[in-house]
Amino acid sequence: MKPVVAIHKFTSCDGCQLAFLNLGETLLELSELIDIVHFAEAGPVDPTAHADIAFIEGSVSTPDELARIQQIRAQTRFLVSVGACATSGGLQALRNGANMEEWIGAVYASPHYIETLDIATPIAEHVKVDLELWGCPVTSRQILAAVRDLLFGVTPAPAQDGVCMECKRQGQICVLVTKGAPCMGPVTRTGCGALCPSFGRDCYACFGPAQTTNCAALARRFEGLGLMPEAIARRFLFINSAAPAFAEAAQAAGGLTKARTPK
Amino acid sequence: MALADTRFLPRERFQTLLDALIERGFRCVGPQVRDGAVVYDTVTRSSELPVGKHDMQGPGTYRLEDAGHERMFAWANGAQAIKPHLFPAREPLWSAERGGAGSIEFTPHSAAPEAVAFIGVRACDLAAMQIQDHVFLHGPYPDPGYAARSEALFFVAVNCSHPAATCFCAATGDGPAATHGYDLVLSELDNGFVLSAGTEAGNAVMAQLELDATTPAQTQAVVAQGEASISAQTRSLPSRDLRDALFNNLEHPRWDAVAERCLACGNCTMVCPTCFCHAETEEPTLDGHATTHLREWDSCFTTGHSYIHGLQVRADIRTRYRQWLTHKLGSWHDQFGRSGCVGCGRCISWCPVGIDITEEVAAITGD
């Protein structure tokens with residue numbers, strides 16, 4: 001029997017689900033190997049189906065999502081959170097330091113229709129997560145590698161080194177050393193293939209913290225490059241602001257809010 | 001023509017050297033400017049070389065500038081030279097495919113040797129290659145890919161005339177002049193190059209160019225330039241075996257101080273021309289029917305490097321930096337009979353936070 005797979009969406013932009021859809025023909029090959037029972041963006045809808053593997057995209061940001069993640073955990077054998085929102089709270093966790101009522105009032109014409117939690121949190125804050133795939137968005141390569149490993153019956157081992165390793169393997173020129181660009185590569189988890197540096201741009205840490213980081217040292221380097229404390233904090237508080245390593249670095253750099261981070 | 005003979009190649013005839021090598025079936029790989037740094041890639045025209053460029057290097061910084069002259073090799077080095085060619089950053093070693101009745105069939109990936117002529121490599125790069133040769137070729141299991149690639153190389157070395165502020169090859173004894181390991185060696189002067197050959201193959205290429213003998217003034221200029229590029233080096237490393245000095249100081253407070261600064265990003269090891277650590281990974285096909293076994297550059301600064309089942313041997317940055325330095329300059333002597341540092345200074349320039357190996361060594365050993 002083929003393993004049953006469900007792909008659930010929480011608060012997110014749907015971009016990580018595209019890592020499945022963008023597979024093209026490979027998606028057909030994948031569907032020979034697994035049975036996708038729930039994938040609203042692609043067609044099949046069965047949100048309460050039991051699954052061997054569930055991929056969760058998005059953060060927990062609404063009261064409804066609090067209940068839904070518990071239910072999915074209960075009906076799932078192996079739960080994988082995919083993307084920045086699911087692994088660290090994502091871009092929307094930037095609101096965690098703000099006054100929710102004030103913001104909702106400023107943004108929406110009819111604020112009373114908006115039901116939201118005070119803070120946006122990663123999936124692992126609510127239920128046991130068996131595997132995290134970081135990235136904004138995740139790549140098809142990450143998804144396929146994880147599925148393949150699970151089909152083999154082994155625990156997937158996603159990349160955890162810094163972007164610099166991959167950047168140097170590719171022979172890219174370091175934008176920090178040659179241009180003084182505030183590149184986040186030294187503290188960011190690889191998986192993107194050093195995409196931004198390969199186009200001469202500084203990494204903005206969309207894959208979250210690498211397994212070993214020294215954010216304080218990189219922040220001091222940014223200071224040396226002439227960045228003001230608030231600018232340094234913003235380098236860490238962009239896509240994965242609630243990831244503990246980045247949140248701490250931003251607070252230490254100063255110049256920014258007392259962001260609320262998950263416990 | 002005897003091997004010791006020197007000849008003069010006028011600047012405007014440099015192309016004839018490239019042409020002679022290309023004619024002999026070599027792909028010329030030489031320096032050129034890309035994204036603000038010197039990189040090595042295929043060259044066919046001398047105009048592709050970094051004409052008139054000079055590099056300004058310091059801890060954590062590298063800038064190319066226009067020097068206002070016509071020289072092609074008036075820079076010290078870029079992040080890489082020979083290493084990525086002989087020891088590729090990612091290389092498939094073998095594939096495996098499921099056969100019938102539960103069998104598995106293995107196929108080695110053998111690299112077809114390609115004749116490559118490296119143009120403009122430096123003494124430090126050649127010294128580093130000798131060390132890597134030791135690692136990959138001289139053990140009980142020579143690496144077949146590395147061996148195949150190294151058999152088909154031709155080296156046109158350049159004696160370094162413009163060491164960077166990060167260079168200290170004079171202290172390690174590996175430069176700035178190339179003394180061995182090349183087929184041809186050039187000294188660049190304002191109007192051309194003084195050539196001599198290190199092998200019969202180099203001699204044959206030089207003879208084909210039909211060059212004039214060098215004048216005493218040219219010879220003198222080469223000597224003076226060589227002396228100047230030694231005295232221009234401001235950094236140094238003690239030339240003695242640092243093994244005991246390092247291993248007697250494993251609890252020196254300086255290791256904590258450097259760990260405060262070190263990002264554990266691995267850049268120093270990636271650009272180090274002698275670092276050879278690698279990891280092996282699988283790339284299975286989606287249907288699980290076949291897999292490709294890859295080798296890729298790894299680093300003693302990564303989390304996985306010191307992981308053994310259930311245990312991370314070097315969990316913090318302090319022990320990783322200490323591992324790198326004590327191996328490179330200490331236990332390397334036991335393993336390979338010399339230090340693992342050739343004084344190229346790349347680890348200083350390409351460290352994003354500018355950690356200086358010479359400064360750390362001085363602090364730890366008290367030199």
# chains A, B, ... in the order shown; residues from 1 in each chain; ligands from 1

$ residues_around --residues "Thr155 of chain A" --least-positions-apart "4" --cutoff "9 Å" --atoms "only C-alpha atoms" --output "PDB file with N, CA, C and O atoms, in the first residue's frame"
ATOM      1  N   LEU A 131       9.939  16.521  11.708  1.00  0.00           N
ATOM      2  CA  LEU A 131      10.982  17.013  10.798  1.00  0.00           C
ATOM      3  C   LEU A 131      10.641  18.453  10.414  1.00  0.00           C
ATOM      4  O   LEU A 131       9.479  18.765  10.141  1.00  0.00           O
ATOM      5  N   ALA A 146      13.186  14.545   1.362  1.00  0.00           N
ATOM      6  CA  ALA A 146      12.532  14.084   2.589  1.00  0.00           C
ATOM      7  C   ALA A 146      11.598  12.909   2.293  1.00  0.00           C
ATOM      8  O   ALA A 146      11.605  11.896   2.994  1.00  0.00           O
ATOM      9  N   ASP A 149      13.639   9.740   1.507  1.00  0.00           N
ATOM     10  CA  ASP A 149      14.209   9.145   2.724  1.00  0.00           C
ATOM     11  C   ASP A 149      13.130   8.404   3.507  1.00  0.00           C
ATOM     12  O   ASP A 149      13.360   7.302   4.003  1.00  0.00           O
ATOM     13  N   LEU A 150      11.941   9.011   3.612  1.00  0.00           N
ATOM     14  CA  LEU A 150      10.873   8.361   4.379  1.00  0.00           C
ATOM     15  C   LEU A 150      10.418   7.078   3.683  1.00  0.00           C
ATOM     16  O   LEU A 150      10.120   6.088   4.336  1.00  0.00           O
TER      17      LEU A 150
END

$ select_by_dssp --residues "segment 145-231 of chain B" --states "strand (DSSP E or B)" --output "list in words"
Leu153, Phe154, Phe155, Val156, Ala157, Val158, Leu184, Val185, Leu186, Ser187, Glu188, Leu189, Gly192, Phe193, Val194, Leu195, Ser196, Ala197, Asp212 and Ala213 of chain B

$ write_last_selection --atoms "N, CA and C atoms" --output "compact mmCIF listing (two decimals), in the first residue's frame"
# COMPACT_ATOMS: atom_id res chain seq x y z
N LEU B 153 48.29 17.85 -16.37
CA LEU B 153 48.40 19.29 -16.12
C LEU B 153 49.73 19.85 -16.62
N PHE B 154 49.67 21.12 -16.99
CA PHE B 154 50.86 21.88 -17.37
C PHE B 154 50.78 23.18 -16.58
N PHE B 155 51.87 23.55 -15.92
CA PHE B 155 51.82 24.75 -15.08
C PHE B 155 52.71 25.85 -15.61
N VAL B 156 52.08 26.99 -15.86
CA VAL B 156 52.85 28.20 -16.13
C VAL B 156 52.77 29.03 -14.85
N ALA B 157 53.81 28.96 -14.06
CA ALA B 157 53.81 29.69 -12.78
C ALA B 157 54.25 31.13 -13.00
N VAL B 158 53.88 31.98 -12.06
CA VAL B 158 54.33 33.37 -12.08
C VAL B 158 54.96 33.66 -10.72
N LEU B 184 56.73 25.90 -16.76
CA LEU B 184 57.34 27.17 -17.14
C LEU B 184 57.12 28.13 -15.98
N VAL B 185 58.08 29.04 -15.80
CA VAL B 185 57.85 30.07 -14.77
C VAL B 185 58.15 31.43 -15.39
N LEU B 186 57.29 32.39 -15.04
CA LEU B 186 57.45 33.74 -15.58
C LEU B 186 57.75 34.71 -14.45
N SER B 187 58.58 35.71 -14.78
CA SER B 187 58.68 36.89 -13.93
C SER B 187 58.20 38.03 -14.77
N GLU B 188 57.19 38.73 -14.29
CA GLU B 188 56.61 39.80 -15.11
C GLU B 188 57.34 41.11 -14.85
N LEU B 189 57.83 41.73 -15.92
CA LEU B 189 58.41 43.07 -15.84
C LEU B 189 57.48 44.02 -16.58
N GLY B 192 57.37 43.03 -20.34
CA GLY B 192 57.29 41.64 -20.78
C GLY B 192 57.65 40.68 -19.66
N PHE B 193 58.03 39.46 -20.07
CA PHE B 193 58.20 38.38 -19.10
C PHE B 193 59.53 37.68 -19.28
N VAL B 194 60.19 37.41 -18.17
CA VAL B 194 61.39 36.56 -18.21
C VAL B 194 60.92 35.14 -17.94
N LEU B 195 61.24 34.25 -18.88
CA LEU B 195 60.75 32.86 -18.82
C LEU B 195 61.89 31.90 -18.51
N SER B 196 61.59 30.88 -17.74
CA SER B 196 62.49 29.73 -17.74
C SER B 196 61.65 28.47 -17.56
N ALA B 197 62.23 27.34 -17.92
CA ALA B 197 61.48 26.08 -17.92
C ALA B 197 61.89 25.23 -16.73
N ASP B 212 64.25 35.80 -27.59
CA ASP B 212 65.61 36.28 -27.36
C ASP B 212 66.04 35.91 -25.94
N ALA B 213 67.36 35.81 -25.76
CA ALA B 213 67.89 35.62 -24.42
C ALA B 213 67.62 36.88 -23.60

$ residues_around --residues "Ala67 of chain B" --least-positions-apart "5" --cutoff "7 Å" --atoms "only C-alpha atoms" --output "ChimeraX atom specification"
/B:52-54

$ closest_atom_pairs --of "chain A" --to "chain B" --cutoff "10 Å" --atoms "only C-alpha atoms" --output "CSV"
residue,atom,partner,partner_atom,distance
A:Thr26,CA,B:Leu286,CA,8.4
A:Glu29,CA,B:Asp287,CA,7.8
A:Leu30,CA,B:Leu286,CA,7.5
A:Glu32,CA,B:Asp287,CA,9.0
A:Leu33,CA,B:Asp287,CA,7.5
A:Leu144,CA,B:Leu286,CA,7.1
A:Ala145,CA,B:Leu286,CA,8.1
A:Val147,CA,B:Leu286,CA,8.5
A:Arg148,CA,B:Leu286,CA,6.1
A:Asp149,CA,B:Pro284,CA,9.0
A:Leu151,CA,B:Gly288,CA,8.3
A:Phe152,CA,B:Gly288,CA,7.6
A:Ala159,CA,B:Gly304,CA,9.8
A:Gln160,CA,B:Thr303,CA,7.8
A:Asp161,CA,B:Thr302,CA,6.1
A:Gly162,CA,B:Cys265,CA,6.0
A:Val163,CA,B:Cys265,CA,8.0
A:Cys164,CA,B:Cys265,CA,6.1
A:Met165,CA,B:Gly266,CA,6.3
A:Glu166,CA,B:Trp297,CA,9.0
A:Cys167,CA,B:Asn267,CA,9.3
A:Lys168,CA,B:Met270,CA,6.3
A:Arg169,CA,B:Ala89,CA,5.0
A:Gln170,CA,B:Ala89,CA,7.3
A:Gly171,CA,B:Gln80,CA,7.9
A:Gln172,CA,B:Asp35,CA,8.6
A:Ile173,CA,B:Asp35,CA,6.5
A:Cys174,CA,B:Trp350,CA,7.6
A:Val175,CA,B:Asp35,CA,8.7
A:Leu176,CA,B:Pro352,CA,6.5
A:Val177,CA,B:Thr61,CA,4.6
A:Thr178,CA,B:Tyr62,CA,4.9
A:Lys179,CA,B:Arg63,CA,7.7
A:Gly180,CA,B:Thr61,CA,7.8
A:Pro182,CA,B:Pro352,CA,10.0
A:Cys183,CA,B:Pro352,CA,9.2
A:Gly185,CA,B:Cys265,CA,8.3
A:Pro186,CA,B:Cys265,CA,5.1
A:Val187,CA,B:Cys265,CA,7.3
A:Thr188,CA,B:Cys265,CA,9.3
A:Ser198,CA,B:Asp35,CA,9.8
A:Phe199,CA,B:Asp35,CA,9.5
A:Gly200,CA,B:Asp35,CA,7.3
A:Ala210,CA,B:Cys265,CA,9.4
A:Gln211,CA,B:Thr303,CA,7.0
A:Thr212,CA,B:Thr303,CA,6.8
A:Thr213,CA,B:Leu263,CA,6.4
A:Asn214,CA,B:Leu263,CA,5.1
A:Cys215,CA,B:Leu263,CA,7.6
A:Ala216,CA,B:Glu260,CA,8.2
A:Ala217,CA,B:Arg261,CA,5.2
A:Leu218,CA,B:Leu263,CA,7.1
A:Arg220,CA,B:Val353,CA,8.7
A:Arg221,CA,B:Val353,CA,6.0
A:Phe222,CA,B:Val353,CA,9.3
A:Gly224,CA,B:Val353,CA,9.5

$ select_by_dssp --residues "segment 49-220 of chain A" --states "helix (DSSP H, G or I)" --output "number ranges by chain"
A: 63-74, 83-88, 91-97, 100-107, 111-113, 123-125, 140-152, 163-169, 175-179, 185-187, 195-198, 215-220

$ atom_distance --atom1 "atom CA of Val5 of chain A" --atom2 "atom CA of Leu79 of chain A"
10.0 Å
